[in-house]
Amino acid sequence: MEKLRTTILNNDDVEKKIARIAFQIIEEYFEDKELLIVGISKNGFLLAGKIAKLVQRDLPKSTINLIELSINKRNPLKENVTISPNLIFENKKVILVDDVLNSGKTLMHAASYIVSKDIKKMNTVVLVDRRHRNFPIKADWVGLTLSTTIQEHINVEILENDISVYLE
């Protein structure tokens, strides 16, 4: 039986959401000399890269560092969290990016890891917020908030120059 698949955001929609999020980051951090943009491995990191490019373009005098955070999304406590490149977080401002916020477990564990690094400030970004929270975390900047059933799945597909979001 084939799964029903509905396009929620096409590439053009996603590009507009990312541009708006980047603009909100620029508004908040325009006076800062350095900013760490941390993407949660795979899709969150790819989205973080797109956001970092836009922020760097509009804040050319700031240093924007792009960092990949790897975490076991199914069982965050099972494996160690790793970051690459391994930069110093102490007293820095951080933007944490992921593709979908569902239960909040992944974002909560990633945020906990970053906060343990004695940072100055952190904001969170997600492309899609499903609003099925089991943990007390929210995204500061969201591309799309979507109420879904627990049985439905949000799939963010990132190909070389095309990002689409599907409801399955």
# chains A, B, ... in the order shown; residues from 1 in each chain; ligands from 1
>>> closest_atom_pairs(of="stretch 68-109 of chain A", to="stretch 125-142 of chain A", cutoff="7 Å", atoms="only C-alpha atoms", output="JSON lines")
{"residue": "A:Leu96", "atom": "CA", "partner": "A:Val125", "partner_atom": "CA", "distance": 6.1}
{"residue": "A:Val97", "atom": "CA", "partner": "A:Val125", "partner_atom": "CA", "distance": 4.7}
{"residue": "A:Asp98", "atom": "CA", "partner": "A:Val126", "partner_atom": "CA", "distance": 5.0}
{"residue": "A:Asp99", "atom": "CA", "partner": "A:Leu127", "partner_atom": "CA", "distance": 5.0}
{"residue": "A:Val100", "atom": "CA", "partner": "A:Val128", "partner_atom": "CA", "distance": 4.8}
{"residue": "A:Leu101", "atom": "CA", "partner": "A:Asp129", "partner_atom": "CA", "distance": 4.7}
{"residue": "A:Asn102", "atom": "CA", "partner": "A:Arg130", "partner_atom": "CA", "distance": 5.2}
{"residue": "A:Ser103", "atom": "CA", "partner": "A:Arg133", "partner_atom": "CA", "distance": 4.2}
{"residue": "A:Gly104", "atom": "CA", "partner": "A:Phe135", "partner_atom": "CA", "distance": 5.3}
{"residue": "A:Lys105", "atom": "CA", "partner": "A:Phe135", "partner_atom": "CA", "distance": 6.3}
{"residue": "A:Met108", "atom": "CA", "partner": "A:Ile137", "partner_atom": "CA", "distance": 6.2}
>>> write_last_selection(atoms="N, CA, C and O atoms", output="PDB file, in the first residue's frame")
ATOM      1  N   LEU A  96      20.876  27.435  17.456  1.00  0.00           N
ATOM      2  CA  LEU A  96      20.752  25.990  17.268  1.00  0.00           C
ATOM      3  C   LEU A  96      19.643  25.730  16.254  1.00  0.00           C
ATOM      4  O   LEU A  96      18.521  26.214  16.415  1.00  0.00           O
ATOM      5  N   VAL A  97      19.954  24.964  15.196  1.00  0.00           N
ATOM      6  CA  VAL A  97      19.032  24.755  14.075  1.00  0.00           C
ATOM      7  C   VAL A  97      18.731  23.266  13.878  1.00  0.00           C
ATOM      8  O   VAL A  97      19.643  22.442  13.876  1.00  0.00           O
ATOM      9  N   ASP A  98      17.431  22.950  13.688  1.00  0.00           N
ATOM     10  CA  ASP A  98      17.028  21.599  13.292  1.00  0.00           C
ATOM     11  C   ASP A  98      15.903  21.716  12.269  1.00  0.00           C
ATOM     12  O   ASP A  98      15.320  22.792  12.092  1.00  0.00           O
ATOM     13  N   ASP A  99      15.602  20.609  11.600  1.00  0.00           N
ATOM     14  CA  ASP A  99      14.581  20.666  10.551  1.00  0.00           C
ATOM     15  C   ASP A  99      13.164  20.601  11.117  1.00  0.00           C
ATOM     16  O   ASP A  99      12.329  21.441  10.800  1.00  0.00           O
ATOM     17  N   VAL A 100      12.871  19.620  11.976  1.00  0.00           N
ATOM     18  CA  VAL A 100      11.509  19.438  12.490  1.00  0.00           C
ATOM     19  C   VAL A 100      11.548  19.352  14.010  1.00  0.00           C
ATOM     20  O   VAL A 100      12.365  18.624  14.577  1.00  0.00           O
ATOM     21  N   LEU A 101      10.656  20.082  14.655  1.00  0.00           N
ATOM     22  CA  LEU A 101      10.484  19.991  16.105  1.00  0.00           C
ATOM     23  C   LEU A 101       9.209  19.204  16.345  1.00  0.00           C
ATOM     24  O   LEU A 101       8.117  19.647  15.998  1.00  0.00           O
ATOM     25  N   ASN A 102       9.371  18.002  16.879  1.00  0.00           N
ATOM     26  CA  ASN A 102       8.234  17.130  17.130  1.00  0.00           C
ATOM     27  C   ASN A 102       8.031  17.001  18.635  1.00  0.00           C
ATOM     28  O   ASN A 102       7.392  17.826  19.247  1.00  0.00           O
ATOM     29  N   SER A 103       8.642  16.007  19.260  1.00  0.00           N
ATOM     30  CA  SER A 103       8.491  15.825  20.704  1.00  0.00           C
ATOM     31  C   SER A 103       9.357  16.804  21.486  1.00  0.00           C
ATOM     32  O   SER A 103       9.084  17.101  22.644  1.00  0.00           O
ATOM     33  N   GLY A 104      10.438  17.279  20.860  1.00  0.00           N
ATOM     34  CA  GLY A 104      11.370  18.183  21.519  1.00  0.00           C
ATOM     35  C   GLY A 104      12.574  17.475  22.116  1.00  0.00           C
ATOM     36  O   GLY A 104      13.494  18.119  22.614  1.00  0.00           O
ATOM     37  N   LYS A 105      12.599  16.141  22.041  1.00  0.00           N
ATOM     38  CA  LYS A 105      13.675  15.378  22.676  1.00  0.00           C
ATOM     39  C   LYS A 105      15.051  15.705  22.098  1.00  0.00           C
ATOM     40  O   LYS A 105      15.998  15.976  22.837  1.00  0.00           O
ATOM     41  N   MET A 108      16.036  19.349  22.818  1.00  0.00           N
ATOM     42  CA  MET A 108      16.300  19.509  24.252  1.00  0.00           C
ATOM     43  C   MET A 108      17.693  18.979  24.614  1.00  0.00           C
ATOM     44  O   MET A 108      18.456  19.654  25.311  1.00  0.00           O
TER      45      MET A 108
END
>>> residues_around(residues="A:Arg20", least_positions_apart="4", cutoff="12 Å", atoms="only C-alpha atoms", output="PyMOL selection string")
chain A and resi 13-16+24-27+50-51+54-55+125+127+141-144
>>> residues_around(residues="A:Asp162", least_positions_apart="4", cutoff="9 Å", atoms="only C-alpha atoms", output="ChimeraX atom specification")
/A:10-12,157-158
>>> atom_distance(atom1="atom CA of A:Ile40", atom2="atom CA of A:Ser112")
12.9 Å
>>> residues_around(residues="stretch 78-83 of chain A", least_positions_apart="4", cutoff="7 Å", atoms="only C-alpha atoms", output="MDAnalysis selection string")
chainID A and resid 67:72
>>> closest_residue(among="A:Leu35, A:Leu77, A:Ile119, A:Ile88", to="A:Thr106", atoms="only C-alpha atoms")
A:Leu77
>>> select_by_dssp(residues="stretch 3-100 of chain A", states="strand (DSSP E or B)", output="PyMOL selection string")
chain A and resi 6-9+34-40+63-70+82-84+93-100
>>> write_last_selection(atoms="C-alpha atoms", output="CSV table (one decimal), in the first residue's frame")
chain,number,residue,atom,x,y,z
A,6,THR,CA,1.3,15.8,0.5
A,7,THR,CA,3.7,18.6,-0.3
A,8,ILE,CA,3.6,21.1,2.6
A,9,LEU,CA,6.4,23.4,1.4
A,34,GLU,CA,30.8,36.6,16.3
A,35,LEU,CA,28.0,34.1,16.1
A,36,LEU,CA,28.0,30.3,16.2
A,37,ILE,CA,25.3,28.6,14.1
A,38,VAL,CA,25.0,25.0,15.1
A,39,GLY,CA,23.0,22.6,12.9
A,40,ILE,CA,21.8,19.2,14.2
A,63,THR,CA,32.4,36.1,12.0
A,64,ILE,CA,29.7,33.4,11.4
A,65,ASN,CA,30.9,30.0,12.4
A,66,LEU,CA,29.0,27.0,11.1
A,67,ILE,CA,29.1,23.9,13.3
A,68,GLU,CA,27.6,20.4,12.9
A,69,LEU,CA,26.3,18.8,16.1
A,70,SER,CA,25.8,15.0,15.8
A,82,THR,CA,29.9,15.5,19.0
A,83,ILE,CA,30.6,18.8,17.3
A,84,SER,CA,32.6,19.6,14.2
A,93,LYS,CA,26.1,33.5,21.3
A,94,VAL,CA,24.7,30.4,19.6
A,95,ILE,CA,21.8,29.7,17.2
A,96,LEU,CA,20.8,26.0,17.3
A,97,VAL,CA,19.0,24.8,14.1
A,98,ASP,CA,17.0,21.6,13.3
A,99,ASP,CA,14.6,20.7,10.6
A,100,VAL,CA,11.5,19.4,12.5
>>> select_by_dssp(residues="stretch 107-162 of chain A", states="helix (DSSP H, G or I)", output="ChimeraX atom specification")
/A:107-115
>>> residues_around(residues="stretch 115-118 of chain A", least_positions_apart="6", cutoff="9 Å", atoms="only C-alpha atoms", output="MDAnalysis selection string")
chainID A and resid 88:92
>>> write_last_selection(atoms="N, CA and C atoms", output="tab-separated table (two decimals), in the first residue's frame")
chain	number	residue	atom	x	y	z
A	88	ILE	N	35.50	26.72	20.53
A	88	ILE	CA	35.22	27.12	21.91
A	88	ILE	C	33.87	27.84	21.95
A	89	PHE	N	32.99	27.36	22.80
A	89	PHE	CA	31.65	27.92	22.94
A	89	PHE	C	31.55	28.95	24.07
A	90	GLU	N	32.50	28.89	24.98
A	90	GLU	CA	32.43	29.70	26.20
A	90	GLU	C	32.22	31.18	25.89
A	91	ASN	N	31.18	31.74	26.53
A	91	ASN	CA	30.83	33.16	26.43
A	91	ASN	C	30.45	33.60	25.00
A	92	LYS	N	29.98	32.65	24.18
A	92	LYS	CA	29.57	32.95	22.80
A	92	LYS	C	28.05	32.91	22.69
